[in-house]
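Structure below is coords.cif: mmCIF, N, CA and C atoms.
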```cif
data_target
#
loop_
_atom_site.label_atom_id
_atom_site.label_comp_id
_atom_site.auth_asym_id
_atom_site.auth_seq_id
_atom_site.Cartn_x
_atom_site.Cartn_y
_atom_site.Cartn_z
N MET A 1 -2.57 -12.77 2.26
CA MET A 1 -2.12 -13.47 1.08
C MET A 1 -2.21 -14.99 1.28
N THR A 2 -1.95 -15.44 2.50
CA THR A 2 -2.06 -16.87 2.78
C THR A 2 -3.49 -17.34 2.58
N HIS A 3 -4.45 -16.55 3.01
CA HIS A 3 -5.86 -16.90 2.84
C HIS A 3 -6.20 -17.05 1.35
N ILE A 4 -5.72 -16.14 0.55
CA ILE A 4 -5.99 -16.21 -0.89
C ILE A 4 -5.38 -17.47 -1.50
N ALA A 5 -4.15 -17.80 -1.11
CA ALA A 5 -3.49 -19.00 -1.63
C ALA A 5 -4.25 -20.25 -1.23
N LEU A 6 -4.66 -20.33 0.04
CA LEU A 6 -5.36 -21.52 0.51
C LEU A 6 -6.73 -21.66 -0.14
N GLU A 7 -7.49 -20.60 -0.18
CA GLU A 7 -8.84 -20.69 -0.74
C GLU A 7 -8.82 -20.89 -2.24
N GLY A 8 -7.88 -20.26 -2.92
CA GLY A 8 -7.82 -20.39 -4.37
C GLY A 8 -7.07 -21.62 -4.84
N GLY A 9 -6.33 -22.27 -3.93
CA GLY A 9 -5.52 -23.42 -4.34
C GLY A 9 -4.50 -23.02 -5.39
N CYS A 10 -3.89 -21.84 -5.20
CA CYS A 10 -2.99 -21.30 -6.21
C CYS A 10 -1.77 -20.66 -5.55
N PHE A 11 -0.75 -20.44 -6.35
CA PHE A 11 0.40 -19.69 -5.89
C PHE A 11 0.02 -18.21 -5.86
N VAL A 12 0.48 -17.50 -4.85
CA VAL A 12 0.22 -16.06 -4.75
C VAL A 12 1.57 -15.35 -4.78
N LEU A 13 1.72 -14.47 -5.74
CA LEU A 13 2.91 -13.63 -5.85
C LEU A 13 2.46 -12.21 -5.56
N SER A 14 2.77 -11.72 -4.38
CA SER A 14 2.33 -10.41 -3.96
C SER A 14 3.50 -9.43 -4.05
N ALA A 15 3.41 -8.49 -4.97
CA ALA A 15 4.48 -7.52 -5.20
C ALA A 15 4.09 -6.19 -4.56
N ASN A 16 4.85 -5.80 -3.55
CA ASN A 16 4.58 -4.56 -2.84
C ASN A 16 5.78 -3.63 -2.97
N GLN A 17 5.53 -2.36 -3.05
CA GLN A 17 6.61 -1.40 -3.25
C GLN A 17 7.29 -1.04 -1.93
N PHE A 18 8.56 -0.71 -2.04
CA PHE A 18 9.32 -0.14 -0.93
C PHE A 18 9.78 1.23 -1.37
N CYS A 19 9.46 2.26 -0.60
CA CYS A 19 9.93 3.58 -0.96
C CYS A 19 10.16 4.43 0.29
N LEU A 20 11.05 5.37 0.12
CA LEU A 20 11.41 6.30 1.18
C LEU A 20 10.84 7.67 0.85
N ARG A 21 10.84 8.54 1.83
CA ARG A 21 10.32 9.89 1.62
C ARG A 21 11.07 10.61 0.51
N LYS A 22 12.38 10.37 0.41
CA LYS A 22 13.17 11.05 -0.61
C LYS A 22 12.84 10.60 -2.03
N ASP A 23 12.06 9.53 -2.17
CA ASP A 23 11.64 9.06 -3.49
C ASP A 23 10.49 9.90 -4.06
N TYR A 24 9.92 10.76 -3.25
CA TYR A 24 8.80 11.61 -3.66
C TYR A 24 9.29 13.03 -3.94
N PRO A 25 8.51 13.82 -4.64
CA PRO A 25 8.89 15.21 -4.88
C PRO A 25 9.04 15.96 -3.56
N PRO A 26 9.83 17.02 -3.54
CA PRO A 26 10.02 17.77 -2.29
C PRO A 26 8.76 18.52 -1.87
N PRO A 27 8.58 18.77 -0.56
CA PRO A 27 7.43 19.56 -0.10
C PRO A 27 7.51 20.96 -0.73
N PRO A 28 6.46 21.70 -0.83
CA PRO A 28 5.12 21.50 -0.28
C PRO A 28 4.15 20.86 -1.27
N GLU A 29 4.64 20.14 -2.27
CA GLU A 29 3.76 19.52 -3.27
C GLU A 29 2.90 18.41 -2.68
N TYR A 30 3.28 17.89 -1.54
CA TYR A 30 2.52 16.84 -0.91
C TYR A 30 2.70 16.96 0.60
N ILE A 31 1.82 16.34 1.34
CA ILE A 31 1.91 16.34 2.79
C ILE A 31 1.67 14.92 3.28
N PHE A 32 2.57 14.41 4.12
CA PHE A 32 2.34 13.13 4.78
C PHE A 32 1.52 13.41 6.04
N SER A 33 0.36 12.82 6.14
CA SER A 33 -0.47 13.07 7.31
C SER A 33 -0.62 11.80 8.13
N GLY A 34 -1.10 11.97 9.34
CA GLY A 34 -1.33 10.82 10.19
C GLY A 34 -0.10 10.32 10.91
N THR A 35 0.92 11.15 11.01
CA THR A 35 2.13 10.74 11.71
C THR A 35 2.60 11.86 12.62
N ASP A 36 3.08 11.49 13.78
CA ASP A 36 3.58 12.47 14.74
C ASP A 36 5.10 12.53 14.76
N GLU A 37 5.75 11.62 14.06
CA GLU A 37 7.22 11.57 14.08
C GLU A 37 7.81 12.57 13.09
N ASP A 38 9.05 12.94 13.36
CA ASP A 38 9.76 13.81 12.42
C ASP A 38 10.14 13.01 11.19
N LEU A 39 9.79 13.54 10.05
CA LEU A 39 10.07 12.84 8.80
C LEU A 39 11.40 13.30 8.23
N THR A 40 12.27 12.36 7.94
CA THR A 40 13.55 12.64 7.31
C THR A 40 13.51 12.09 5.90
N PRO A 41 14.48 12.42 5.06
CA PRO A 41 14.49 11.85 3.70
C PRO A 41 14.56 10.31 3.70
N ASP A 42 15.10 9.71 4.76
CA ASP A 42 15.20 8.25 4.82
C ASP A 42 14.04 7.59 5.56
N THR A 43 12.99 8.35 5.86
CA THR A 43 11.80 7.79 6.50
C THR A 43 11.11 6.85 5.51
N VAL A 44 10.78 5.65 5.97
CA VAL A 44 10.10 4.66 5.12
C VAL A 44 8.64 5.08 4.97
N VAL A 45 8.20 5.19 3.73
CA VAL A 45 6.82 5.55 3.42
C VAL A 45 6.01 4.29 3.12
N CYS A 46 6.54 3.41 2.29
CA CYS A 46 5.93 2.12 1.99
C CYS A 46 6.94 1.04 2.35
N ALA A 47 6.56 0.13 3.24
CA ALA A 47 7.51 -0.80 3.83
C ALA A 47 7.77 -2.05 3.01
N GLY A 48 7.16 -2.20 1.85
CA GLY A 48 7.41 -3.39 1.04
C GLY A 48 6.64 -4.58 1.56
N GLY A 49 7.30 -5.72 1.66
CA GLY A 49 6.64 -6.93 2.16
C GLY A 49 6.23 -7.88 1.06
N SER A 50 6.86 -7.82 -0.10
CA SER A 50 6.54 -8.76 -1.17
C SER A 50 6.74 -10.18 -0.67
N VAL A 51 5.89 -11.09 -1.16
CA VAL A 51 5.90 -12.45 -0.66
C VAL A 51 5.43 -13.42 -1.74
N ILE A 52 5.92 -14.65 -1.67
CA ILE A 52 5.45 -15.73 -2.54
C ILE A 52 4.92 -16.83 -1.64
N ILE A 53 3.67 -17.25 -1.86
CA ILE A 53 3.02 -18.24 -1.00
C ILE A 53 2.52 -19.39 -1.87
N SER A 54 2.71 -20.62 -1.37
CA SER A 54 2.29 -21.81 -2.10
C SER A 54 0.80 -22.06 -1.88
N PRO A 55 0.18 -22.92 -2.70
CA PRO A 55 -1.23 -23.25 -2.53
C PRO A 55 -1.55 -23.88 -1.17
N SER A 56 -0.55 -24.46 -0.51
CA SER A 56 -0.77 -25.05 0.81
C SER A 56 -0.59 -24.03 1.93
N GLY A 57 -0.28 -22.79 1.59
CA GLY A 57 -0.13 -21.73 2.57
C GLY A 57 1.28 -21.53 3.08
N ALA A 58 2.24 -22.28 2.56
CA ALA A 58 3.63 -22.13 2.99
C ALA A 58 4.25 -20.89 2.35
N VAL A 59 4.95 -20.11 3.15
CA VAL A 59 5.65 -18.94 2.64
C VAL A 59 6.94 -19.42 1.99
N LEU A 60 7.07 -19.23 0.68
CA LEU A 60 8.23 -19.70 -0.08
C LEU A 60 9.34 -18.65 -0.14
N ALA A 61 8.98 -17.39 -0.09
CA ALA A 61 9.96 -16.30 -0.12
C ALA A 61 9.34 -15.05 0.47
N GLY A 62 10.16 -14.29 1.19
CA GLY A 62 9.70 -13.05 1.79
C GLY A 62 8.91 -13.33 3.06
N PRO A 63 8.21 -12.38 3.58
CA PRO A 63 8.25 -10.98 3.20
C PRO A 63 9.50 -10.29 3.73
N ASP A 64 9.90 -9.23 3.08
CA ASP A 64 11.07 -8.46 3.50
C ASP A 64 10.65 -7.01 3.65
N TYR A 65 11.00 -6.42 4.79
CA TYR A 65 10.62 -5.04 5.08
C TYR A 65 11.83 -4.12 5.26
N LYS A 66 13.01 -4.57 4.85
CA LYS A 66 14.23 -3.82 5.10
C LYS A 66 14.65 -2.92 3.96
N GLY A 67 14.16 -3.17 2.76
CA GLY A 67 14.57 -2.36 1.62
C GLY A 67 14.12 -3.00 0.33
N GLU A 68 14.66 -2.51 -0.77
CA GLU A 68 14.34 -3.07 -2.07
C GLU A 68 15.01 -4.42 -2.21
N VAL A 69 14.26 -5.45 -2.53
CA VAL A 69 14.79 -6.80 -2.70
C VAL A 69 14.10 -7.48 -3.87
N LEU A 70 14.76 -8.47 -4.38
CA LEU A 70 14.19 -9.32 -5.41
C LEU A 70 14.03 -10.69 -4.79
N ILE A 71 12.79 -11.17 -4.69
CA ILE A 71 12.56 -12.48 -4.10
C ILE A 71 12.27 -13.50 -5.20
N THR A 72 12.74 -14.72 -5.00
CA THR A 72 12.52 -15.79 -5.96
C THR A 72 12.19 -17.07 -5.20
N ALA A 73 11.56 -18.00 -5.90
CA ALA A 73 11.25 -19.31 -5.34
C ALA A 73 11.09 -20.30 -6.48
N ASP A 74 11.44 -21.55 -6.23
CA ASP A 74 11.17 -22.63 -7.17
C ASP A 74 9.75 -23.11 -6.94
N LEU A 75 8.95 -23.13 -8.01
CA LEU A 75 7.54 -23.51 -7.90
C LEU A 75 7.29 -24.85 -8.57
N ASP A 76 6.63 -25.74 -7.85
CA ASP A 76 6.16 -27.01 -8.40
C ASP A 76 4.71 -26.77 -8.84
N ILE A 77 4.56 -26.20 -10.02
CA ILE A 77 3.26 -25.71 -10.47
C ILE A 77 2.17 -26.78 -10.42
N HIS A 78 2.40 -27.91 -11.04
CA HIS A 78 1.34 -28.92 -11.14
C HIS A 78 1.16 -29.70 -9.84
N GLY A 79 2.25 -30.09 -9.21
CA GLY A 79 2.16 -30.91 -8.00
C GLY A 79 1.53 -30.18 -6.84
N GLU A 80 1.96 -28.95 -6.57
CA GLU A 80 1.45 -28.19 -5.43
C GLU A 80 -0.04 -27.87 -5.59
N ILE A 81 -0.43 -27.49 -6.79
CA ILE A 81 -1.84 -27.14 -7.02
C ILE A 81 -2.72 -28.37 -6.87
N ALA A 82 -2.30 -29.50 -7.41
CA ALA A 82 -3.08 -30.73 -7.28
C ALA A 82 -3.23 -31.14 -5.82
N ARG A 83 -2.14 -31.07 -5.05
CA ARG A 83 -2.20 -31.42 -3.63
C ARG A 83 -3.15 -30.48 -2.88
N ALA A 84 -3.12 -29.21 -3.22
CA ALA A 84 -3.99 -28.24 -2.54
C ALA A 84 -5.46 -28.52 -2.84
N LYS A 85 -5.77 -28.97 -4.05
CA LYS A 85 -7.16 -29.27 -4.41
C LYS A 85 -7.69 -30.47 -3.63
N PHE A 86 -6.81 -31.40 -3.27
CA PHE A 86 -7.25 -32.54 -2.46
C PHE A 86 -7.64 -32.08 -1.06
N ASP A 87 -6.95 -31.09 -0.54
CA ASP A 87 -7.24 -30.59 0.80
C ASP A 87 -8.50 -29.74 0.84
N PHE A 88 -8.66 -28.86 -0.14
CA PHE A 88 -9.76 -27.90 -0.11
C PHE A 88 -10.13 -27.52 -1.53
N ASP A 89 -11.16 -28.16 -2.05
CA ASP A 89 -11.62 -27.87 -3.40
C ASP A 89 -12.84 -26.97 -3.30
N VAL A 90 -12.65 -25.70 -3.57
CA VAL A 90 -13.68 -24.69 -3.35
C VAL A 90 -14.94 -24.95 -4.16
N VAL A 91 -14.82 -25.31 -5.42
CA VAL A 91 -16.00 -25.48 -6.28
C VAL A 91 -16.21 -26.89 -6.77
N GLY A 92 -15.30 -27.80 -6.53
CA GLY A 92 -15.41 -29.15 -7.08
C GLY A 92 -16.61 -29.93 -6.59
N HIS A 93 -17.08 -29.68 -5.39
CA HIS A 93 -18.21 -30.44 -4.85
C HIS A 93 -19.51 -30.15 -5.59
N TYR A 94 -19.60 -29.05 -6.31
CA TYR A 94 -20.81 -28.74 -7.06
C TYR A 94 -21.01 -29.69 -8.24
N SER A 95 -19.95 -30.31 -8.71
CA SER A 95 -20.08 -31.23 -9.84
C SER A 95 -20.31 -32.67 -9.39
N ARG A 96 -20.56 -32.88 -8.09
CA ARG A 96 -20.80 -34.22 -7.56
C ARG A 96 -22.28 -34.38 -7.23
N PRO A 97 -23.02 -35.13 -8.04
CA PRO A 97 -24.46 -35.28 -7.78
C PRO A 97 -24.76 -36.02 -6.47
N ASP A 98 -23.80 -36.79 -5.94
CA ASP A 98 -24.04 -37.46 -4.67
C ASP A 98 -23.98 -36.48 -3.49
N VAL A 99 -23.44 -35.30 -3.72
CA VAL A 99 -23.33 -34.30 -2.67
C VAL A 99 -24.34 -33.18 -2.86
N LEU A 100 -24.52 -32.74 -4.10
CA LEU A 100 -25.39 -31.61 -4.37
C LEU A 100 -26.16 -31.85 -5.66
N SER A 101 -27.47 -31.72 -5.61
CA SER A 101 -28.31 -31.86 -6.79
C SER A 101 -29.28 -30.69 -6.84
N LEU A 102 -29.60 -30.26 -8.03
CA LEU A 102 -30.54 -29.17 -8.23
C LEU A 102 -31.80 -29.75 -8.88
N TRP A 103 -32.91 -29.60 -8.19
CA TRP A 103 -34.18 -30.11 -8.69
C TRP A 103 -35.14 -28.94 -8.84
N THR A 104 -35.92 -28.96 -9.90
CA THR A 104 -36.96 -27.94 -10.07
C THR A 104 -38.26 -28.51 -9.59
N TYR A 105 -39.06 -27.69 -8.98
CA TYR A 105 -40.34 -28.12 -8.44
C TYR A 105 -41.41 -27.19 -8.95
N SER A 106 -42.45 -27.74 -9.50
CA SER A 106 -43.53 -26.93 -10.04
C SER A 106 -44.78 -27.14 -9.19
N THR A 107 -45.45 -26.08 -8.85
CA THR A 107 -46.69 -26.18 -8.07
C THR A 107 -47.93 -26.17 -8.94
N SER A 108 -47.75 -26.00 -10.26
CA SER A 108 -48.91 -25.95 -11.15
C SER A 108 -49.42 -27.37 -11.42
N ASN A 109 -50.72 -27.50 -11.66
CA ASN A 109 -51.34 -28.79 -11.93
C ASN A 109 -51.47 -29.06 -13.42
N GLY A 110 -51.05 -28.20 -14.23
CA GLY A 110 -51.32 -28.43 -15.61
C GLY A 110 -50.20 -28.16 -16.46
#
```
Produce structure tokens that represent the structure in this file.
Amino acid sequence: MTHIALEGGCFVLSANQFCLRKDYPPPPEYIFSGTDEDLTPDTVVCAGGSVIISPSGAVLAGPDYKGEVLITADLDIHGEIARAKFDFDVVGHYSRPDVLSLWTYSTSNG
């Protein structure tokens, strides 16, 4: 998520679910595979990890892996995004003719 925030110069709000085995229908309607541990109703199936990341890559809230939580953060929408663009402007250099120019070249004589 940090990579996405840095490259995009944007805030990233990543919402991930937290659920336990008891949140699913009872067996045999489903099978949890790939685990050797004994599964109890309180076994964590999805660990959550929701997070809010600023355009500069700073973690503003989360991640939390302990249970269901509501995360919040105060966002400086205009200021943070503008500062991030000064550090790393992914597409802005294409509009600068002193850095990049597109020329067509023709090999025909007529």
task = Compute the distance from (3.1, -19.6, 4.9) to each atom, counting all atoms listed in the file, keep the residues with any atom at most 5 Å away, and return them as an MDAnalysis selection string; use the coordinates of the file.
result = chainID A and resid 57:59
task = Kindly indicate which residue among A:Val12, A:Leu39, A:Leu6, A:Ala82 lies nearest to A:Ile53, using only C-alpha atoms for the distances.
result =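 When distances to A:Ile53 are compared using only C-alpha atoms, the smallest one comes from A:Val12.
For the file shown, the residue list from the PyMOL selection byres ((chain A and resi 45-51) around 6) reads Val12, Leu13, Ser14, Ala15, Asn16, Gln17, Phe18, Cys19, Leu20, Arg21, Thr43, Val44, Ile52, Ile53, Ala61, Gly62, Pro63, Asp64 and Tyr65 of chain A.
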Write the residues you've just listed into a file as a short mmCIF file (atom, residue, chain, number, x, y, z; two decimals), keeping the file's coordinate frame, and include N, CA and C atoms for each of them.
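For reference, again_23.cif as written:
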```
data_model
loop_
_atom_site.label_atom_id
_atom_site.label_comp_id
_atom_site.auth_asym_id
_atom_site.auth_seq_id
_atom_site.Cartn_x
_atom_site.Cartn_y
_atom_site.Cartn_z
N VAL A 12 0.48 -17.50 -4.85
CA VAL A 12 0.22 -16.06 -4.75
C VAL A 12 1.57 -15.35 -4.78
N LEU A 13 1.72 -14.47 -5.74
CA LEU A 13 2.91 -13.63 -5.85
C LEU A 13 2.46 -12.21 -5.56
N SER A 14 2.77 -11.72 -4.38
CA SER A 14 2.33 -10.41 -3.96
C SER A 14 3.50 -9.43 -4.05
N ALA A 15 3.41 -8.49 -4.97
CA ALA A 15 4.48 -7.52 -5.20
C ALA A 15 4.09 -6.19 -4.56
N ASN A 16 4.85 -5.80 -3.55
CA ASN A 16 4.58 -4.56 -2.84
C ASN A 16 5.78 -3.63 -2.97
N GLN A 17 5.53 -2.36 -3.05
CA GLN A 17 6.61 -1.40 -3.25
C GLN A 17 7.29 -1.04 -1.93
N PHE A 18 8.56 -0.71 -2.04
CA PHE A 18 9.32 -0.14 -0.93
C PHE A 18 9.78 1.23 -1.37
N CYS A 19 9.46 2.26 -0.60
CA CYS A 19 9.93 3.58 -0.96
C CYS A 19 10.16 4.43 0.29
N LEU A 20 11.05 5.37 0.12
CA LEU A 20 11.41 6.30 1.18
C LEU A 20 10.84 7.67 0.85
N ARG A 21 10.84 8.54 1.83
CA ARG A 21 10.32 9.89 1.62
C ARG A 21 11.07 10.61 0.51
N THR A 43 12.99 8.35 5.86
CA THR A 43 11.80 7.79 6.50
C THR A 43 11.11 6.85 5.51
N VAL A 44 10.78 5.65 5.97
CA VAL A 44 10.10 4.66 5.12
C VAL A 44 8.64 5.08 4.97
N ILE A 52 5.92 -14.65 -1.67
CA ILE A 52 5.45 -15.73 -2.54
C ILE A 52 4.92 -16.83 -1.64
N ILE A 53 3.67 -17.25 -1.86
CA ILE A 53 3.02 -18.24 -1.00
C ILE A 53 2.52 -19.39 -1.87
N ALA A 61 8.98 -17.39 -0.09
CA ALA A 61 9.96 -16.30 -0.12
C ALA A 61 9.34 -15.05 0.47
N GLY A 62 10.16 -14.29 1.19
CA GLY A 62 9.70 -13.05 1.79
C GLY A 62 8.91 -13.33 3.06
N PRO A 63 8.21 -12.38 3.58
CA PRO A 63 8.25 -10.98 3.20
C PRO A 63 9.50 -10.29 3.73
N ASP A 64 9.90 -9.23 3.08
CA ASP A 64 11.07 -8.46 3.50
C ASP A 64 10.65 -7.01 3.65
N TYR A 65 11.00 -6.42 4.79
CA TYR A 65 10.62 -5.04 5.08
C TYR A 65 11.83 -4.12 5.26
#
```
Give me the box for stretch 7-17 of chain A as JSON, namely the centre and edge lengths in Å to one decimal of a box along x, y and z that holds every listed atom plus 4 Å on each side.
```
{"center_x": -0.8, "center_y": -12.2, "center_z": -3.3, "size_x": 24.1, "size_y": 30.4, "size_z": 14.2}
```
query = Rounded to one decimal in Å, what is the spacing between atom C of A:Pro41 and atom CA of A:Lys22?
reply =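 That distance, rounded to one decimal, is 4.6 Å.
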